[in-house]
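Structure first, commentary second.
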Amino acid sequence: MENTKKIPIIIDCDPGIDDAIAIMLAHSTQKFDILGITPVAGNVEAKHTRRNARDLSEYLGINCPVAYGAEKPLLSYDIYRPASGTHGVNGLGPVTLPPAKNPVYPKPAWDFIYEKAVECEGELVIVATGPLTNIAIALLKYPELPKMIKGFYIMGGSTTTGNANPTAEFNILVDVHAADIVFKSGLLVNMAGLNVTLKTGLPLDFLAELSQMESRVSDVLAGLVEGYKDVKPDRNGKLSSIIHDAIPFLMLIDLDMVTYKPCHIDMECQSKMGGYGATLPNYVISEEAPHNCNDIQDVDMEKYMQLCVDMVKFYK
Amino acid sequence: MSKIPVIIDCDPGHDDFIALALALASDKLDVKGIVTVAGNQTLEKVTVNALKAVELMGRTDVPVVAGSAKPMRKAHVPVPQVHGESGLDGPSLPAPTTQVLDKNFVDFYADILRESSEKVTILAVGPLTNIATLFYCHPELVEKVAAINVMGGANRAVDFKDYPCKGAEFNIWQDAESAHYVFDLDVPVTMFGLDMTYQTCVTPAEFERFAAEGGKVGKVVSELLTFFYRCQEKNGMKACPIHDACPVAYTIAPKMFQVEHRDITVEYEGEHTYGFTYVDMRIYKEPSKKNYWCVSTDRDAFVEMLIKACKSYD
């Protein structure tokens, strides 16, 4: 019998084109009760991610509270640079959404997360698709939080290659100390790192087809895809747009869509030669290397692409 | 002249206890609350010690709140070899009956800052974990802070037997990441480091004066000093510093101290320098932050101030 109860989630993100498409996809599955969005500085500066989060929530018809998070990383604020080359200066490429009308939630992200964790009585799931600054601050203020939530999923890190540097992925690199706090907190991190996301590119011709299907989001989707510069050949060599942030949601939508390996992650926070920001996996779990991560290995691309087709139908 | 509103962040700790004795006796300070942090001992133990302090001093009107149980990233390293198993070994004080205020420490700080009509001074005499967390949660409340007066750091490598700190001072070394962030805040942060606090040493003969002239609190202080002095003796000292009392004394009587405006950077990545506080001593270098480095004080006046404070409790 199908479980029709929606999963209560908070989406912590830095929209960001792939965050935007991931949220568009997640909402379309109707599997989630999106309780709120907590923007963080990352792909672009906080002033942009905040505005984009609010505009997206209303444009997509989610209409959830948006509770503002951190404007800069915990410690590396002097070296933080946004990824405007990938997402455009405003974070959504050429796309301008109708401006949000709903008020901003009157408390900061960390208090909102805690509030909802209490309300959901252990059922809350958090999906983080940006740097982990907000989550780390929530953990510093509420160290008991890991015991209070059901699951934690991230797009971040890599157990193979990096993108922002040879070993590190951008989200983690922006705030390595926040990531360190998260991996040491007792949370079990379901991690969609570059090792899997780089295999999940959606062919550009497939995305072009989707944007031509009739729906109220077609123009926005087309604009987002056009403005998104993270394009690489997929496993068949076809030029594809890599919507990294969709992958953690896939694991929640249908566990059979992904494969993963349990591991222990250590964060490299000191290297000055290219290891800074590396998420170092140890697949032998022990007392010294406790299980703090499920490293997602692969995704069922057929099912993923079907979800994308269903997404466009949802927004008719 | 209206009292200066202060919140004391501490990990009692022998010298923290003495700092509390000084602060709670002062008619210049309005102590809004005491927040504890894992440091000299575990959060649980230092919180018990803070409660013992307010009970001994008859100031159970001052709320005590428990803060962070561990540093931002590193495991907590207590120093029972310095402060004993209880964190306050030496005097025998009764188990406290007063309760800790059951409130999240960030909310406790934030409410006081928001509701205060005057800017609040934070007296930080333990690791800076609570204060960093507070301003990560509420960067907008930095402007409600008059100053953060910190006991911590040293302007040169230090090497004391029994401390695990490898050249650094203990409070900063316990959580260098939090300290780094605090010293970068847009608010005056004044550092009372070991180079300064080691000028405030109380001689064993003066321990007697605390017992003889300082009433019931003075007696406890002399027992604390006797215990704390053991570690200083091992390092060739002939007198006992009261580190944590310095920022408190400065808040009460700033003219008693010499302070210089210098940038201070806390190291959290160095191989041999984790927890170091680099005070930028270069000439022709304009400071770019609001850091202040305390250089020296009038030791005799400092000791008199402490004895007088203890006496006032009887």
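Each chain in the structure tokens gets a letter, A, B, ..., in the order shown, and its residues are numbered from 1; ligands are numbered from 1 in order too.
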
| query | Leaving out region 138-154 of chain B and any residue of its chain fewer than 4 positions from it, which residues lie within 7 Å of it when counting only C-alpha atoms, given as a PyMOL selection string? | reply | chain B and resi 113+119-125+134+168-169+171-172+187-195+243-244+247+276-277

Based on the selection just made, write N, CA, C and O atoms of those residues as a compact mmCIF listing (two decimals), in the first residue's frame.
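Output below, filename again-v8.txt:
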```
# COMPACT_ATOMS: atom_id res chain seq x y z
N LEU B 113 20.44 41.74 25.61
CA LEU B 113 20.96 42.77 24.70
C LEU B 113 19.83 43.59 24.10
O LEU B 113 19.89 44.82 24.06
N LYS B 119 24.15 50.02 26.05
CA LYS B 119 24.94 48.93 25.47
C LYS B 119 25.52 48.09 26.60
O LYS B 119 25.88 48.60 27.66
N VAL B 120 25.62 46.79 26.37
CA VAL B 120 26.06 45.84 27.39
C VAL B 120 27.52 45.46 27.17
O VAL B 120 27.96 45.32 26.03
N THR B 121 28.26 45.32 28.27
CA THR B 121 29.65 44.86 28.18
C THR B 121 29.70 43.38 28.51
O THR B 121 29.09 42.94 29.49
N ILE B 122 30.36 42.62 27.65
CA ILE B 122 30.51 41.19 27.92
C ILE B 122 31.89 40.94 28.50
O ILE B 122 32.90 41.34 27.92
N LEU B 123 31.92 40.31 29.68
CA LEU B 123 33.19 39.97 30.33
C LEU B 123 33.44 38.49 30.04
O LEU B 123 32.77 37.63 30.59
N ALA B 124 34.38 38.22 29.15
CA ALA B 124 34.61 36.86 28.69
C ALA B 124 35.86 36.31 29.35
O ALA B 124 36.97 36.69 28.98
N VAL B 125 35.70 35.42 30.32
CA VAL B 125 36.87 34.90 31.02
C VAL B 125 37.00 33.39 30.86
O VAL B 125 37.73 32.74 31.62
N LEU B 134 26.61 33.18 19.85
CA LEU B 134 25.65 34.27 19.99
C LEU B 134 25.64 35.16 18.76
O LEU B 134 24.58 35.46 18.19
N ALA B 168 50.32 28.19 23.51
CA ALA B 168 49.21 29.14 23.51
C ALA B 168 48.61 29.27 24.90
O ALA B 168 48.88 28.47 25.78
N GLU B 169 47.78 30.30 25.07
CA GLU B 169 47.05 30.45 26.33
C GLU B 169 45.79 29.60 26.28
O GLU B 169 45.18 29.41 25.22
N ASN B 171 42.41 29.59 27.33
CA ASN B 171 41.05 29.96 26.87
C ASN B 171 40.97 30.00 25.34
O ASN B 171 40.03 29.49 24.74
N ILE B 172 41.96 30.67 24.73
CA ILE B 172 41.95 30.82 23.28
C ILE B 172 42.23 29.46 22.63
O ILE B 172 41.59 29.08 21.65
N VAL B 187 33.19 45.43 17.10
CA VAL B 187 32.93 45.96 18.44
C VAL B 187 34.28 45.96 19.16
O VAL B 187 35.12 45.12 18.87
N PRO B 188 34.54 46.90 20.07
CA PRO B 188 35.84 46.88 20.77
C PRO B 188 36.03 45.59 21.55
O PRO B 188 35.21 45.23 22.39
N VAL B 189 37.10 44.87 21.22
CA VAL B 189 37.46 43.65 21.92
C VAL B 189 38.82 43.92 22.57
O VAL B 189 39.80 44.17 21.87
N THR B 190 38.88 43.90 23.89
CA THR B 190 40.12 44.18 24.60
C THR B 190 40.67 42.89 25.18
O THR B 190 39.95 42.18 25.89
N MET B 191 41.92 42.61 24.87
CA MET B 191 42.55 41.35 25.28
C MET B 191 43.43 41.53 26.51
O MET B 191 44.32 42.40 26.54
N PHE B 192 43.14 40.73 27.53
CA PHE B 192 43.98 40.68 28.73
C PHE B 192 44.70 39.34 28.67
O PHE B 192 44.19 38.31 29.10
N GLY B 193 45.88 39.36 28.06
CA GLY B 193 46.64 38.13 27.83
C GLY B 193 47.60 37.85 28.96
O GLY B 193 47.72 38.61 29.92
N LEU B 194 48.30 36.74 28.83
CA LEU B 194 49.19 36.30 29.90
C LEU B 194 50.31 37.30 30.17
O LEU B 194 50.76 37.43 31.32
N ASP B 195 50.77 37.98 29.13
CA ASP B 195 51.86 38.95 29.35
C ASP B 195 51.41 40.03 30.31
O ASP B 195 52.20 40.63 31.02
N HIS B 243 44.25 35.79 36.58
CA HIS B 243 44.00 36.19 35.19
C HIS B 243 42.63 36.81 35.00
O HIS B 243 42.49 37.92 34.50
N ASP B 244 41.59 36.05 35.37
CA ASP B 244 40.23 36.44 35.00
C ASP B 244 39.74 37.71 35.68
O ASP B 244 38.76 38.32 35.23
N PRO B 247 40.06 41.59 33.26
CA PRO B 247 39.05 42.31 32.47
C PRO B 247 37.94 42.90 33.32
O PRO B 247 37.35 43.94 32.98
N PHE B 276 47.31 30.70 19.01
CA PHE B 276 48.15 31.88 19.23
C PHE B 276 47.35 33.15 18.92
O PHE B 276 46.48 33.16 18.05
N THR B 277 47.68 34.22 19.64
CA THR B 277 47.07 35.53 19.38
C THR B 277 48.17 36.43 18.88
O THR B 277 49.04 36.85 19.65
```

| Residue contacts of Pro91 (chain B) (9 Å, only C-alpha atoms) excluding same-chain residues fewer than 6 positions away, as a count of residues only | 7

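What separates CA of Asp266 (chain A) from CA of Pro281 (chain A) is a distance of 6.6 Å.
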
| request: Specify as a list in words all residues of chain B found within 7 Å of chain A, counting only C-alpha atoms. | output: Arg73, Val106, Thr133, Tyr136, Cys137, Tyr181 and Glu269 of chain B

Selection file, all heavy atoms, as a JSON list (two decimals), in the first residue's frame:
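Generated output (part.json):
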```
[["chain", "number", "residue", "atom", "x", "y", "z"],
["B", 73, "ARG", "N", 34.60, 23.28, 17.07],
["B", 73, "ARG", "CA", 34.98, 22.14, 16.23],
["B", 73, "ARG", "C", 35.74, 21.05, 16.95],
["B", 73, "ARG", "O", 35.66, 19.89, 16.58],
["B", 73, "ARG", "CB", 35.91, 22.61, 15.10],
["B", 73, "ARG", "CG", 35.29, 23.41, 14.02],
["B", 73, "ARG", "CD", 36.36, 23.77, 13.00],
["B", 73, "ARG", "NE", 36.96, 22.58, 12.43],
["B", 73, "ARG", "CZ", 38.23, 22.50, 12.04],
["B", 73, "ARG", "NH1", 39.05, 23.53, 12.18],
["B", 73, "ARG", "NH2", 38.70, 21.40, 11.51],
["B", 106, "VAL", "N", 21.79, 31.32, 24.11],
["B", 106, "VAL", "CA", 21.76, 32.34, 23.06],
["B", 106, "VAL", "C", 20.56, 33.26, 23.28],
["B", 106, "VAL", "O", 20.67, 34.48, 23.20],
["B", 106, "VAL", "CB", 21.71, 31.71, 21.66],
["B", 106, "VAL", "CG1", 21.50, 32.77, 20.58],
["B", 106, "VAL", "CG2", 22.98, 30.93, 21.38],
["B", 133, "THR", "N", 28.97, 31.84, 19.11],
["B", 133, "THR", "CA", 27.66, 31.29, 18.73],
["B", 133, "THR", "C", 26.59, 32.36, 18.80],
["B", 133, "THR", "O", 25.74, 32.48, 17.90],
["B", 133, "THR", "CB", 27.29, 30.12, 19.67],
["B", 133, "THR", "OG1", 28.31, 29.14, 19.63],
["B", 133, "THR", "CG2", 25.96, 29.49, 19.27],
["B", 136, "TYR", "N", 26.94, 34.54, 15.74],
["B", 136, "TYR", "CA", 26.56, 33.84, 14.52],
["B", 136, "TYR", "C", 25.03, 33.85, 14.41],
["B", 136, "TYR", "O", 24.47, 34.06, 13.34],
["B", 136, "TYR", "CB", 27.04, 32.38, 14.52],
["B", 136, "TYR", "CG", 28.50, 32.21, 14.19],
["B", 136, "TYR", "CD1", 29.32, 31.38, 14.95],
["B", 136, "TYR", "CD2", 29.07, 32.86, 13.09],
["B", 136, "TYR", "CE1", 30.66, 31.20, 14.64],
["B", 136, "TYR", "CE2", 30.41, 32.68, 12.77],
["B", 136, "TYR", "CZ", 31.20, 31.85, 13.56],
["B", 136, "TYR", "OH", 32.53, 31.68, 13.25],
["B", 137, "CYS", "N", 24.37, 33.64, 15.56],
["B", 137, "CYS", "CA", 22.91, 33.61, 15.58],
["B", 137, "CYS", "C", 22.31, 35.00, 15.40],
["B", 137, "CYS", "O", 21.25, 35.15, 14.79],
["B", 137, "CYS", "CB", 22.40, 33.01, 16.89],
["B", 137, "CYS", "SG", 22.68, 31.26, 17.05],
["B", 181, "TYR", "N", 36.73, 34.47, 15.38],
["B", 181, "TYR", "CA", 35.52, 35.19, 14.96],
["B", 181, "TYR", "C", 35.24, 36.37, 15.89],
["B", 181, "TYR", "O", 34.89, 37.46, 15.43],
["B", 181, "TYR", "CB", 34.34, 34.22, 14.91],
["B", 181, "TYR", "CG", 33.04, 34.86, 14.48],
["B", 181, "TYR", "CD1", 32.92, 35.47, 13.23],
["B", 181, "TYR", "CD2", 31.93, 34.86, 15.31],
["B", 181, "TYR", "CE1", 31.73, 36.05, 12.84],
["B", 181, "TYR", "CE2", 30.74, 35.45, 14.92],
["B", 181, "TYR", "CZ", 30.64, 36.04, 13.69],
["B", 181, "TYR", "OH", 29.46, 36.62, 13.30],
["B", 269, "GLU", "N", 44.85, 27.51, 12.34],
["B", 269, "GLU", "CA", 45.33, 26.49, 11.38],
["B", 269, "GLU", "C", 46.80, 26.10, 11.57],
["B", 269, "GLU", "O", 47.25, 25.14, 10.98],
["B", 269, "GLU", "CB", 45.17, 27.02, 9.95],
["B", 269, "GLU", "CG", 43.74, 26.98, 9.46],
["B", 269, "GLU", "CD", 43.59, 27.47, 8.03],
["B", 269, "GLU", "OE1", 44.62, 27.79, 7.40],
["B", 269, "GLU", "OE2", 42.45, 27.55, 7.56]]
```

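Using only C-alpha atoms, the contacts of Met237 (chain B) at a cut-off of 12 Å, with sequence neighbours closer than 3 positions omitted, comprise Phe160, Lys161, Tyr198, Gln199, Cys201, Val202, Thr203, Pro204, Phe228, Tyr229, Arg230, Cys231, Gln232, Glu233, Lys234, Cys240 and Pro241 of chain B.
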
| Contacts of Ile34 (chain A) within 10 Å, only C-alpha atoms, excl. fewer than 5 positions in-chain, as number ranges by chain | A: 6-11, 23, 26-27, 57, 62-65, 125-126

Those residues with N, CA, C and O atoms, as a compact mmCIF listing (two decimals), in the first residue's frame please?
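Wrote again.txt, looks like this:
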```txt
# COMPACT_ATOMS: atom_id res chain seq x y z
N LYS A 6 2.76 12.98 3.39
CA LYS A 6 3.84 13.79 2.85
C LYS A 6 4.97 13.91 3.88
O LYS A 6 4.73 14.00 5.08
N ILE A 7 6.19 13.95 3.35
CA ILE A 7 7.36 14.06 4.23
C ILE A 7 7.56 15.53 4.56
O ILE A 7 7.71 16.36 3.65
N PRO A 8 7.57 15.89 5.86
CA PRO A 8 7.79 17.30 6.20
C PRO A 8 9.27 17.64 6.01
O PRO A 8 10.15 17.00 6.59
N ILE A 9 9.56 18.64 5.16
CA ILE A 9 10.95 19.01 4.94
C ILE A 9 11.16 20.51 5.04
O ILE A 9 10.25 21.30 4.83
N ILE A 10 12.41 20.85 5.39
CA ILE A 10 12.88 22.23 5.24
C ILE A 10 14.00 22.17 4.22
O ILE A 10 14.85 21.28 4.28
N ILE A 11 13.96 23.10 3.27
CA ILE A 11 14.99 23.14 2.24
C ILE A 11 15.94 24.29 2.56
O ILE A 11 15.56 25.47 2.53
N ILE A 23 14.08 22.47 -6.45
CA ILE A 23 12.87 22.81 -5.68
C ILE A 23 11.63 22.64 -6.56
O ILE A 23 10.60 22.12 -6.13
N ALA A 26 11.08 18.90 -6.70
CA ALA A 26 10.61 18.34 -5.43
C ALA A 26 9.14 18.67 -5.20
O ALA A 26 8.35 17.78 -4.83
N HIS A 27 8.77 19.92 -5.42
CA HIS A 27 7.38 20.33 -5.19
C HIS A 27 6.44 19.59 -6.13
O HIS A 27 5.32 19.20 -5.73
N SER A 57 9.37 30.43 -3.97
CA SER A 57 8.32 29.85 -3.14
C SER A 57 6.94 30.28 -3.63
O SER A 57 6.01 29.46 -3.72
N ILE A 62 4.39 27.17 -3.71
CA ILE A 62 4.68 26.51 -2.44
C ILE A 62 4.18 27.37 -1.29
O ILE A 62 3.54 26.90 -0.34
N ASN A 63 4.46 28.69 -1.39
CA ASN A 63 3.99 29.66 -0.38
C ASN A 63 4.33 29.27 1.05
O ASN A 63 3.50 29.34 1.95
N CYS A 64 5.58 28.84 1.25
CA CYS A 64 6.02 28.47 2.60
C CYS A 64 6.80 29.63 3.22
O CYS A 64 7.23 30.54 2.50
N PRO A 65 6.97 29.63 4.53
CA PRO A 65 7.80 30.66 5.15
C PRO A 65 9.25 30.59 4.65
O PRO A 65 9.74 29.51 4.34
N VAL A 125 12.58 16.30 8.09
CA VAL A 125 13.75 15.98 7.28
C VAL A 125 14.30 17.31 6.77
O VAL A 125 13.54 18.20 6.40
N ILE A 126 15.62 17.45 6.79
CA ILE A 126 16.24 18.66 6.26
C ILE A 126 17.04 18.30 5.02
O ILE A 126 17.81 17.32 5.03
```

| said: Among region 152-305 of chain B, which residues does DSSP mark as alpha helix (DSSP H) when it is run on the backbone? Keep the chain and numbering as in the structure and answer as a PyMOL selection string. | reply: chain B and resi 170-174+176-183+194-197+204-213+215-234+245-252+299-305

| request: DSSP on the backbone, then: every residue of region 3-175 of chain B marked strand (DSSP E or B), written as a ChimeraX atom specification. | output: /B:4-10,29-36,64-66,120-124,145-151

| field | Residue contacts of Asp280 (chain B) (7 Å, only C-alpha atoms) excluding same-chain residues fewer than 4 positions away, as a ChimeraX atom specification | value | /B:262-264

| Atomic distance CA of Met251 (chain A) - CA of Glu226 (chain A), expressed in Å with one decimal |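 So the two atoms, CA of Met251 (chain A) and CA of Glu226 (chain A), lie 26.6 Å apart.
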
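Across B:Ile4, B:His76, B:Asp15, B:Leu225, the tightest approach to Ser117 (chain B) is made by B:Ile4 when counting only C-alpha atoms.
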
| message | Please determine, counting only C-alpha atoms, which residue among A:Ile135, A:Leu207, A:Val220, A:Ile149 has the shortest atom-to-atom distance to Ala20 (chain A). | response |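 Closest to Ala20 (chain A), using only C-alpha atoms: A:Val220.
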
| field | Best match for closeness to Glu58 (chain A) among A:Lys101, A:Gly36, A:Pro131, A:Val89, counting only C-alpha atoms | value | A:Lys101

| query | When distances are computed from only C-alpha atoms, which of A:Ala22, A:Ala53, A:Met267, A:Leu202 shows the smallest separation from Pro248 (chain A)? | reply | A:Ala22
